[in-house]
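Asks: Just so it is clear, I am handing over start-v8.cif, which has mmCIF, C-alpha atoms.
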```cif
data_input
#
loop_
_atom_site.label_atom_id
_atom_site.label_comp_id
_atom_site.auth_asym_id
_atom_site.auth_seq_id
_atom_site.Cartn_x
_atom_site.Cartn_y
_atom_site.Cartn_z
CA MET A 1 0.00 0.00 0.00
CA THR A 2 1.61 3.27 -1.13
CA TRP A 3 0.47 6.55 0.35
CA GLN A 4 0.63 8.45 -2.96
CA LEU A 5 -2.25 6.32 -4.27
CA ASP A 6 -3.82 5.74 -0.88
CA ILE A 7 -4.52 9.27 0.37
CA PRO A 8 -6.35 10.62 -2.76
CA ILE A 9 -8.57 7.52 -3.00
CA LEU A 10 -9.35 7.56 0.75
CA THR A 11 -10.28 11.25 0.45
CA LEU A 12 -12.58 10.47 -2.50
CA VAL A 13 -14.19 7.64 -0.51
CA VAL A 14 -14.98 9.96 2.41
CA VAL A 15 -16.29 12.70 0.06
CA CYS A 16 -18.54 10.21 -1.77
CA ALA A 17 -19.87 8.84 1.54
CA ILE A 18 -20.72 12.32 2.88
CA GLY A 19 -22.25 13.26 -0.50
CA ALA A 20 -24.38 10.12 -0.65
CA ILE A 21 -26.03 10.85 2.71
CA THR A 22 -26.44 14.63 2.32
CA VAL A 23 -27.69 15.09 -1.27
CA LYS A 24 -31.41 15.98 -1.47
CA ASP A 25 -32.26 13.58 -4.31
CA LEU A 26 -32.51 9.82 -3.89
CA LEU A 27 -31.35 9.03 -7.45
CA GLY A 28 -28.25 11.18 -6.90
CA SER A 29 -27.70 9.39 -3.60
CA ALA A 30 -27.81 6.02 -5.40
CA ILE A 31 -25.28 7.13 -8.05
CA LEU A 32 -22.94 8.59 -5.41
CA PHE A 33 -23.17 5.32 -3.50
CA GLY A 34 -22.11 3.50 -6.69
CA ALA A 35 -19.09 5.82 -6.98
CA TYR A 36 -18.29 5.13 -3.31
CA SER A 37 -18.37 1.36 -3.94
CA PHE A 38 -16.09 1.70 -6.95
CA MET A 39 -13.53 3.76 -5.00
CA MET A 40 -13.64 1.10 -2.27
CA CYS A 41 -12.98 -1.55 -4.94
CA LEU A 42 -9.88 0.38 -6.11
CA LEU A 43 -8.66 0.53 -2.51
CA TRP A 44 -8.92 -3.24 -2.13
CA ALA A 45 -7.12 -3.82 -5.43
CA ILE A 46 -4.25 -1.64 -4.11
CA MET A 47 -4.14 -3.69 -0.88
CA GLY A 48 -3.71 -6.89 -2.93
CA ALA A 49 -7.18 -8.34 -2.24
CA VAL A 50 -8.05 -8.81 -5.94
CA ASP A 51 -10.78 -11.41 -5.32
CA VAL A 52 -12.60 -9.10 -2.91
CA ALA A 53 -12.06 -6.19 -5.33
CA PHE A 54 -13.78 -7.80 -8.30
CA THR A 55 -16.61 -9.19 -6.16
CA GLU A 56 -17.20 -5.65 -4.86
CA ALA A 57 -17.03 -4.22 -8.39
CA SER A 58 -19.72 -6.60 -9.66
CA VAL A 59 -21.90 -6.95 -6.54
CA GLY A 60 -21.36 -3.67 -4.66
CA ALA A 61 -21.03 -1.20 -7.50
CA GLY A 62 -23.19 -3.12 -10.01
CA VAL A 63 -26.06 -4.99 -8.37
CA SER A 64 -26.48 -2.60 -5.39
CA THR A 65 -26.78 0.44 -7.65
CA VAL A 66 -29.33 -1.35 -9.84
CA PHE A 67 -31.34 -2.26 -6.70
CA PHE A 68 -31.27 1.35 -5.46
CA VAL A 69 -32.29 2.79 -8.85
CA ALA A 70 -35.12 0.24 -9.18
CA ALA A 71 -36.36 1.04 -5.65
CA VAL A 72 -36.23 4.82 -6.34
CA PHE A 73 -38.19 4.41 -9.59
CA ARG A 74 -40.91 2.39 -7.83
CA THR A 75 -41.20 4.87 -4.93
CA THR A 76 -40.24 8.55 -5.02
CA ARG A 77 -37.17 10.66 -5.80
CA ARG A 78 -37.68 13.55 -3.42
CA THR A 79 -36.51 13.60 0.17
CA LYS A 80 -36.50 16.19 2.94
CA ASP A 81 -32.96 15.59 4.22
CA MET B 1 -2.30 -2.54 23.67
CA ARG B 2 1.38 -2.79 22.79
CA TYR B 3 1.65 0.96 22.18
CA ALA B 4 -0.30 2.14 25.22
CA PRO B 5 2.59 2.44 27.74
CA CYS B 6 4.89 4.14 25.18
CA VAL B 7 2.39 6.89 24.32
CA LEU B 8 2.34 8.18 27.90
CA ILE B 9 6.13 8.55 28.01
CA LEU B 10 6.74 9.83 24.45
CA PRO B 11 6.87 13.60 23.80
CA MET B 12 4.13 15.34 21.82
CA SER B 13 5.89 15.27 18.43
CA ASP B 14 6.31 11.47 18.60
CA LEU B 15 2.64 11.08 19.50
CA ILE B 16 1.67 13.15 16.45
CA THR B 17 3.99 11.04 14.25
CA HIS B 18 2.36 7.91 15.63
CA ILE B 19 -1.13 9.23 14.82
CA VAL B 20 -0.12 10.34 11.31
CA ALA B 21 1.59 7.00 10.58
CA ASN B 22 -1.68 5.17 11.27
CA TYR B 23 -3.84 7.62 9.25
CA ASN B 24 -5.70 4.83 7.42
CA TYR B 25 -7.29 3.52 10.64
CA TRP B 26 -8.59 7.02 11.50
CA ILE B 27 -10.22 7.28 8.08
CA TYR B 28 -11.88 3.85 8.53
CA ILE B 29 -13.32 5.00 11.88
CA THR B 30 -14.54 8.23 10.21
CA LEU B 31 -16.34 6.22 7.50
CA MET B 32 -17.90 3.98 10.16
CA MET B 33 -19.18 7.03 12.08
CA ILE B 34 -20.61 8.58 8.86
CA GLY B 35 -22.62 5.37 8.38
CA LEU B 36 -23.76 5.29 12.01
CA TYR B 37 -24.84 8.96 11.80
CA ALA B 38 -26.89 8.23 8.67
CA ILE B 39 -28.61 5.24 10.33
CA ILE B 40 -29.53 7.21 13.46
CA ALA B 41 -30.16 10.79 12.33
CA LYS B 42 -31.51 10.62 8.75
CA ASN B 43 -35.26 10.83 8.25
CA ASN B 44 -35.57 9.05 4.88
CA LEU B 45 -35.64 5.23 4.82
CA VAL B 46 -33.44 4.92 1.68
CA LYS B 47 -30.84 7.23 3.29
CA LYS B 48 -30.81 4.94 6.33
CA ILE B 49 -30.18 1.92 4.06
CA VAL B 50 -27.29 3.79 2.34
CA GLY B 51 -25.83 4.48 5.80
CA MET B 52 -26.09 0.80 6.73
CA ASN B 53 -24.15 -0.14 3.59
CA ILE B 54 -21.45 2.47 4.28
CA PHE B 55 -21.03 1.02 7.79
CA GLN B 56 -20.67 -2.51 6.40
CA THR B 57 -18.08 -1.54 3.77
CA ALA B 58 -16.05 0.38 6.38
CA ILE B 59 -15.82 -2.77 8.53
CA ILE B 60 -14.85 -4.87 5.50
CA LEU B 61 -12.16 -2.29 4.63
CA PHE B 62 -10.76 -2.53 8.17
CA TYR B 63 -10.50 -6.33 7.97
CA ILE B 64 -8.85 -6.30 4.51
CA SER B 65 -6.26 -3.77 5.74
CA ILE B 66 -5.32 -6.16 8.59
CA GLY B 67 -4.26 -8.81 6.05
CA ALA B 68 -2.08 -6.45 3.96
CA LYS B 69 1.74 -6.63 4.28
CA LYS B 70 4.61 -4.47 3.02
CA GLY B 71 6.71 -6.10 0.30
CA ALA B 72 4.34 -9.04 -0.21
CA THR B 73 2.51 -10.18 -3.35
CA ILE B 74 -1.02 -11.50 -3.93
CA PRO B 75 -1.71 -14.97 -2.41
CA ILE B 76 -0.96 -17.12 -5.47
CA ILE B 77 2.08 -19.43 -5.16
CA GLU B 78 4.82 -18.60 -7.67
CA HIS B 79 6.38 -21.35 -9.83
CA ALA B 80 3.79 -23.88 -8.62
CA HIS B 81 4.08 -25.85 -11.88
CA GLY B 82 7.84 -26.24 -11.70
CA ASP B 83 9.70 -29.31 -10.51
CA HIS B 84 8.32 -30.85 -7.32
CA GLY B 85 11.41 -32.96 -6.64
CA ALA B 86 14.19 -32.38 -4.16
CA GLY B 87 15.28 -29.15 -5.89
CA SER B 88 11.98 -27.25 -5.40
CA SER B 89 12.14 -24.39 -2.90
CA ALA B 90 9.89 -24.08 0.14
CA VAL B 91 6.97 -21.60 0.30
CA HIS B 92 7.59 -18.63 2.61
CA ALA B 93 4.41 -17.19 4.13
CA ILE B 94 6.08 -13.79 4.60
CA GLU B 95 6.14 -13.27 0.80
CA TYR B 96 2.36 -13.51 0.44
CA ILE B 97 -0.54 -11.37 1.71
CA ASN B 98 -2.67 -13.19 4.31
CA PRO B 99 -5.71 -14.58 2.37
CA LEU B 100 -7.84 -15.48 5.42
CA PRO B 101 -9.46 -11.99 5.87
CA HIS B 102 -10.17 -11.92 2.09
CA VAL B 103 -12.18 -15.15 2.27
CA LEU B 104 -14.14 -14.02 5.34
CA MET B 105 -14.96 -10.62 3.80
CA LEU B 106 -16.04 -12.21 0.50
CA THR B 107 -18.84 -13.83 2.51
CA ALA B 108 -19.58 -10.48 4.20
CA ILE B 109 -20.04 -8.74 0.80
CA VAL B 110 -22.59 -11.36 -0.30
CA VAL B 111 -24.45 -11.03 3.02
CA ALA B 112 -24.40 -7.22 2.59
CA VAL B 113 -26.13 -7.38 -0.80
CA ALA B 114 -28.73 -9.82 0.60
CA THR B 115 -29.55 -7.49 3.52
CA LEU B 116 -29.74 -4.58 1.05
CA GLY B 117 -32.29 -6.47 -1.06
CA VAL B 118 -34.47 -7.32 1.95
CA ALA B 119 -34.26 -3.76 3.33
CA LEU B 120 -35.25 -2.19 -0.01
CA ALA B 121 -38.15 -4.65 -0.39
CA LEU B 122 -39.40 -3.67 3.10
CA ALA B 123 -39.06 0.04 2.22
CA LEU B 124 -41.10 -0.60 -0.96
CA LYS B 125 -43.91 -2.25 1.05
CA VAL B 126 -43.87 0.63 3.56
CA TYR B 127 -44.20 3.12 0.67
CA GLN B 128 -47.15 1.21 -0.81
CA GLN B 129 -48.88 1.22 2.60
CA TYR B 130 -48.25 4.82 3.72
CA ASN B 131 -47.36 6.59 0.42
CA SER B 132 -44.23 8.13 1.97
CA LEU B 133 -40.62 7.24 2.73
CA GLU B 134 -40.14 9.84 5.50
CA GLU B 135 -40.03 8.37 8.97
CA ASP B 136 -41.92 11.19 10.74
CA GLU B 137 -44.81 11.15 8.23
CA ILE B 138 -45.16 7.38 8.57
CA LEU B 139 -45.18 7.67 12.40
CA ASP B 140 -47.84 10.43 12.20
CA GLN B 141 -50.05 8.21 10.03
CA ILE B 142 -49.64 5.29 12.46
CA ARG B 143 -50.61 7.51 15.43
CA GLU B 144 -53.74 8.84 13.66
CA LYS B 145 -55.20 5.36 13.27
#
```
Mind turning the file's structure into structure tokens?
Replies:
Amino acid sequence: MTWQLDIPILTLVVVCAIGAITVKDLLGSAILFGAYSFMMCLLWAIMGAVDVAFTEASVGAGVSTVFFVAAVFRTTRRTKD
Amino acid sequence: MRYAPCVLILPMSDLITHIVANYNYWIYITLMMIGLYAIIAKNNLVKKIVGMNIFQTAIILFYISIGAKKGATIPIIEHAHGDHGAGSSAVHAIEYINPLPHVLMLTAIVVAVATLGVALALALKVYQQYNSLEEDEILDQIREK
């Protein structure tokens, strides 16, 4: 794990996490959560856990985002917080 | 535990160096607390589910970082198809990243997506019943009945 790659990606992970829970639109929240999962997948690939990284890329960033978007389309997009 | 007695004796600059050297653990704790805040304080049900997922991935990240080593490669044995006779060299565990946390966290990722599916299905049923995803509006409707 090298800090030149580590610190920018960790910063992006924290920014995506804060963005996903503060944005006032549920579809935007779902997309930001997908970006968060993908940054997390990069972090695991850097740490040498390649099996966990590609499972997260397919399951976390792929299937979870599809679930969130499907749920938002069947309910509502607006939120108060 | 091993560091606890040293920290009390060390001067302030060494303490700061110690904190900065372990910056990744502080960021994992920050991510965990962001998830916990979303679960407790957010009013929307989908935001709470996003917070639950952030909490789970922060814990998985912590476990994966425990298995990482400096100067080690991914856990696949090199030259495994070479000669297996007397000349073959022994496998040194220090050259490979520990694969045990990877296997455990692979299971945790699958469990996380299953809990996400169940939670979103429950949120969908709540929306069909009360026509809202906000927690306070749902509680108001329950109290009126």
Asks: Mind pulling up the distance from CA of Gly67 (chain B) to CA of Thr65 (chain A)?
Replies: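 Separation between CA of Thr65 (chain A) and CA of Gly67 (chain B): 27.9 Å.
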Asks: Of the candidates B:Met12, B:Ala119, B:Leu100, B:Leu124, which shows the shortest atom-to-atom distance to chain A, using all atoms listed in the file?
Replies: B:Leu124
Asks: Which residues, named as in the file, does the PyMOL selection byres ((chain A and resi 24) around 12) pick out? Answer as a PyMOL selection string.
Replies: (chain A and resi 19-23+25-30+32+77-81) or (chain B and resi 42-44+46-47)
Asks: Store the residues of this selection in a file with C-alpha atoms, as a tab-separated table (two decimals), in the frame of the given file.
Replies:
```
chain	number	residue	atom	x	y	z
A	19	GLY	CA	-22.25	13.26	-0.50
A	20	ALA	CA	-24.38	10.12	-0.65
A	21	ILE	CA	-26.03	10.85	2.71
A	22	THR	CA	-26.44	14.63	2.32
A	23	VAL	CA	-27.69	15.09	-1.27
A	25	ASP	CA	-32.26	13.58	-4.31
A	26	LEU	CA	-32.51	9.82	-3.89
A	27	LEU	CA	-31.35	9.03	-7.45
A	28	GLY	CA	-28.25	11.18	-6.90
A	29	SER	CA	-27.70	9.39	-3.60
A	30	ALA	CA	-27.81	6.02	-5.40
A	32	LEU	CA	-22.94	8.59	-5.41
A	77	ARG	CA	-37.17	10.66	-5.80
A	78	ARG	CA	-37.68	13.55	-3.42
A	79	THR	CA	-36.51	13.60	0.17
A	80	LYS	CA	-36.50	16.19	2.94
A	81	ASP	CA	-32.96	15.59	4.22
B	42	LYS	CA	-31.51	10.62	8.75
B	43	ASN	CA	-35.26	10.83	8.25
B	44	ASN	CA	-35.57	9.05	4.88
B	46	VAL	CA	-33.44	4.92	1.68
B	47	LYS	CA	-30.84	7.23	3.29
```
Asks: May I have a table of the residues of chain B lying at most 6 Å from chain A, giving each one's closest pair of atoms and their distance in Å to one decimal, counting only C-alpha atoms, ordered by chain and ascending residue number, as CSV?
Replies:
```
residue,atom,partner,partner_atom,distance
B:Ala68,CA,A:Met47,CA,5.9
B:Ile74,CA,A:Gly48,CA,5.4
B:Leu106,CA,A:Val52,CA,5.8
```
Asks: In Å, how far is it from CA of Gln128 (chain B) to CA of Glu144 (chain B)?
Replies: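 Calculated distance between CA of Gln128 (chain B) and CA of Glu144 (chain B) is 17.6 Å.
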Asks: Between CA of Ala57 (chain A) and CA of Phe38 (chain A), what is the distance, to one decimal in Å?
Replies: 6.2 Å
Asks: Quick one: everything within 12 Å of Val126 (chain B), counting all atoms listed in the file, minus sequence neighbours fewer than 3 positions away in the same chain. Send it as a PyMOL selection string.
Replies: (chain A and resi 71+74-75) or (chain B and resi 44-46+119-123+129-135+137-139+141-142)
Asks: May I have the residues at most 12 Å from (-20.7, -12.1, 5.8) in the file's coordinates, counting all atoms listed in the file, as a list in words?
Replies: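 Applying the cut-off with all atoms listed in the file, one gets Gln56, Thr57, Ile59, Ile60, Tyr63, Pro101, His102, Val103, Leu104, Met105, Leu106, Thr107, Ala108, Ile109, Val110, Val111, Ala112, Val113, Ala114 and Thr115 of chain B.
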Asks: Could you write out as a list in words the residues that the PyMOL selection byres ((chain B and resi 95) around 8) matches in the shown file?
Replies: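 With the PyMOL selection byres ((chain B and resi 95) around 8) on this model, the match is Gly71, Ala72, Thr73, His92, Ala93, Ile94, Tyr96 and Ile97 of chain B.
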Asks: Kindly export the residues of the current selection with C-alpha atoms, as a PDB file, in the coordinates of the input.
Replies:
```pdb
ATOM      1  CA  GLY B  71       6.710  -6.100   0.300  1.00  0.00           C
ATOM      2  CA  ALA B  72       4.340  -9.040  -0.210  1.00  0.00           C
ATOM      3  CA  THR B  73       2.510 -10.180  -3.350  1.00  0.00           C
ATOM      4  CA  HIS B  92       7.590 -18.630   2.610  1.00  0.00           C
ATOM      5  CA  ALA B  93       4.410 -17.190   4.130  1.00  0.00           C
ATOM      6  CA  ILE B  94       6.080 -13.790   4.600  1.00  0.00           C
ATOM      7  CA  TYR B  96       2.360 -13.510   0.440  1.00  0.00           C
ATOM      8  CA  ILE B  97      -0.540 -11.370   1.710  1.00  0.00           C
TER       9      ILE B  97
END
```
Asks: Set up a box along x, y and z of the file covering all listed atoms of region 9-20 of chain A, add 8 Å on every one of the six sides, and write the centre and edge lengths in Å to one decimal, as JSON.
Replies:
```
{"center_x": -16.5, "center_y": 10.4, "center_z": -0.1, "size_x": 31.8, "size_y": 21.7, "size_z": 21.9}
```
Asks: Please expand the PyMOL selection byres ((chain B and resi 52) around 8) into the concrete residues it hits in this file, giving the result as a VMD selection string.
Replies: chain B and resid 35 to 36 38 to 39 48 to 51 53 to 56
Asks: Can you patch up region 48-75 of chain B, filling it in to N, CA and C atoms, and show the result as a PDB file, in the coordinates of the input?
Replies:
```pdb
ATOM      1  N   LYS B  48     -31.231   5.834   5.244  1.00  0.00           N
ATOM      2  CA  LYS B  48     -30.810   4.940   6.330  1.00  0.00           C
ATOM      3  C   LYS B  48     -30.166   3.680   5.769  1.00  0.00           C
ATOM      4  N   ILE B  49     -30.730   3.148   4.661  1.00  0.00           N
ATOM      5  CA  ILE B  49     -30.180   1.920   4.060  1.00  0.00           C
ATOM      6  C   ILE B  49     -28.798   2.206   3.475  1.00  0.00           C
ATOM      7  N   VAL B  50     -28.618   3.402   2.841  1.00  0.00           N
ATOM      8  CA  VAL B  50     -27.290   3.790   2.340  1.00  0.00           C
ATOM      9  C   VAL B  50     -26.293   3.849   3.493  1.00  0.00           C
ATOM     10  N   GLY B  51     -26.711   4.405   4.637  1.00  0.00           N
ATOM     11  CA  GLY B  51     -25.830   4.480   5.800  1.00  0.00           C
ATOM     12  C   GLY B  51     -25.441   3.107   6.312  1.00  0.00           C
ATOM     13  N   MET B  52     -26.398   2.167   6.303  1.00  0.00           N
ATOM     14  CA  MET B  52     -26.090   0.800   6.730  1.00  0.00           C
ATOM     15  C   MET B  52     -25.031   0.174   5.825  1.00  0.00           C
ATOM     16  N   ASN B  53     -25.133   0.420   4.519  1.00  0.00           N
ATOM     17  CA  ASN B  53     -24.150  -0.140   3.590  1.00  0.00           C
ATOM     18  C   ASN B  53     -22.782   0.498   3.765  1.00  0.00           C
ATOM     19  N   ILE B  54     -22.739   1.811   4.053  1.00  0.00           N
ATOM     20  CA  ILE B  54     -21.450   2.470   4.280  1.00  0.00           C
ATOM     21  C   ILE B  54     -20.784   1.887   5.522  1.00  0.00           C
ATOM     22  N   PHE B  55     -21.567   1.640   6.563  1.00  0.00           N
ATOM     23  CA  PHE B  55     -21.030   1.020   7.790  1.00  0.00           C
ATOM     24  C   PHE B  55     -20.432  -0.350   7.487  1.00  0.00           C
ATOM     25  N   GLN B  56     -21.162  -1.163   6.714  1.00  0.00           N
ATOM     26  CA  GLN B  56     -20.670  -2.510   6.400  1.00  0.00           C
ATOM     27  C   GLN B  56     -19.383  -2.456   5.600  1.00  0.00           C
ATOM     28  N   THR B  57     -19.306  -1.583   4.579  1.00  0.00           N
ATOM     29  CA  THR B  57     -18.080  -1.540   3.770  1.00  0.00           C
ATOM     30  C   THR B  57     -16.904  -1.011   4.576  1.00  0.00           C
ATOM     31  N   ALA B  58     -17.152  -0.108   5.550  1.00  0.00           N
ATOM     32  CA  ALA B  58     -16.050   0.380   6.380  1.00  0.00           C
ATOM     33  C   ALA B  58     -15.459  -0.754   7.213  1.00  0.00           C
ATOM     34  N   ILE B  59     -16.322  -1.630   7.745  1.00  0.00           N
ATOM     35  CA  ILE B  59     -15.820  -2.770   8.530  1.00  0.00           C
ATOM     36  C   ILE B  59     -15.049  -3.728   7.638  1.00  0.00           C
ATOM     37  N   ILE B  60     -15.550  -3.978   6.425  1.00  0.00           N
ATOM     38  CA  ILE B  60     -14.850  -4.870   5.500  1.00  0.00           C
ATOM     39  C   ILE B  60     -13.487  -4.287   5.145  1.00  0.00           C
ATOM     40  N   LEU B  61     -13.425  -2.959   4.936  1.00  0.00           N
ATOM     41  CA  LEU B  61     -12.160  -2.290   4.630  1.00  0.00           C
ATOM     42  C   LEU B  61     -11.155  -2.459   5.758  1.00  0.00           C
ATOM     43  N   PHE B  62     -11.634  -2.338   7.002  1.00  0.00           N
ATOM     44  CA  PHE B  62     -10.760  -2.530   8.170  1.00  0.00           C
ATOM     45  C   PHE B  62     -10.167  -3.941   8.189  1.00  0.00           C
ATOM     46  N   TYR B  63     -10.995  -4.958   7.941  1.00  0.00           N
ATOM     47  CA  TYR B  63     -10.500  -6.330   7.970  1.00  0.00           C
ATOM     48  C   TYR B  63      -9.498  -6.595   6.850  1.00  0.00           C
ATOM     49  N   ILE B  64      -9.774  -6.074   5.639  1.00  0.00           N
ATOM     50  CA  ILE B  64      -8.850  -6.300   4.510  1.00  0.00           C
ATOM     51  C   ILE B  64      -7.512  -5.648   4.805  1.00  0.00           C
ATOM     52  N   SER B  65      -7.520  -4.456   5.452  1.00  0.00           N
ATOM     53  CA  SER B  65      -6.260  -3.770   5.740  1.00  0.00           C
ATOM     54  C   SER B  65      -5.431  -4.532   6.770  1.00  0.00           C
ATOM     55  N   ILE B  66      -6.071  -5.346   7.631  1.00  0.00           N
ATOM     56  CA  ILE B  66      -5.320  -6.160   8.590  1.00  0.00           C
ATOM     57  C   ILE B  66      -4.463  -7.185   7.862  1.00  0.00           C
ATOM     58  N   GLY B  67      -4.996  -7.765   6.755  1.00  0.00           N
ATOM     59  CA  GLY B  67      -4.260  -8.810   6.050  1.00  0.00           C
ATOM     60  C   GLY B  67      -3.128  -8.308   5.193  1.00  0.00           C
ATOM     61  N   ALA B  68      -3.080  -6.992   4.891  1.00  0.00           N
ATOM     62  CA  ALA B  68      -2.080  -6.450   3.960  1.00  0.00           C
ATOM     63  C   ALA B  68      -0.694  -6.442   4.614  1.00  0.00           C
ATOM     64  N   LYS B  69       0.361  -6.668   3.793  1.00  0.00           N
ATOM     65  CA  LYS B  69       1.740  -6.630   4.280  1.00  0.00           C
ATOM     66  C   LYS B  69       2.567  -5.774   3.343  1.00  0.00           C
ATOM     67  N   LYS B  70       3.653  -5.198   3.868  1.00  0.00           N
ATOM     68  CA  LYS B  70       4.610  -4.470   3.020  1.00  0.00           C
ATOM     69  C   LYS B  70       5.527  -5.466   2.323  1.00  0.00           C
ATOM     70  N   GLY B  71       5.777  -5.258   1.030  1.00  0.00           N
ATOM     71  CA  GLY B  71       6.710  -6.100   0.300  1.00  0.00           C
ATOM     72  C   GLY B  71       6.225  -7.496   0.025  1.00  0.00           C
ATOM     73  N   ALA B  72       4.894  -7.720   0.076  1.00  0.00           N
ATOM     74  CA  ALA B  72       4.340  -9.040  -0.210  1.00  0.00           C
ATOM     75  C   ALA B  72       3.520  -8.981  -1.492  1.00  0.00           C
ATOM     76  N   THR B  73       3.290 -10.133  -2.122  1.00  0.00           N
ATOM     77  CA  THR B  73       2.510 -10.180  -3.350  1.00  0.00           C
ATOM     78  C   THR B  73       1.168 -10.858  -3.087  1.00  0.00           C
ATOM     79  N   ILE B  74       0.310 -10.917  -4.116  1.00  0.00           N
ATOM     80  CA  ILE B  74      -1.020 -11.500  -3.930  1.00  0.00           C
ATOM     81  C   ILE B  74      -0.899 -13.001  -3.649  1.00  0.00           C
ATOM     82  N   PRO B  75      -1.869 -13.586  -2.899  1.00  0.00           N
ATOM     83  CA  PRO B  75      -1.710 -14.970  -2.410  1.00  0.00           C
ATOM     84  C   PRO B  75      -1.893 -16.039  -3.490  1.00  0.00           C
TER      85      PRO B  75
END
```
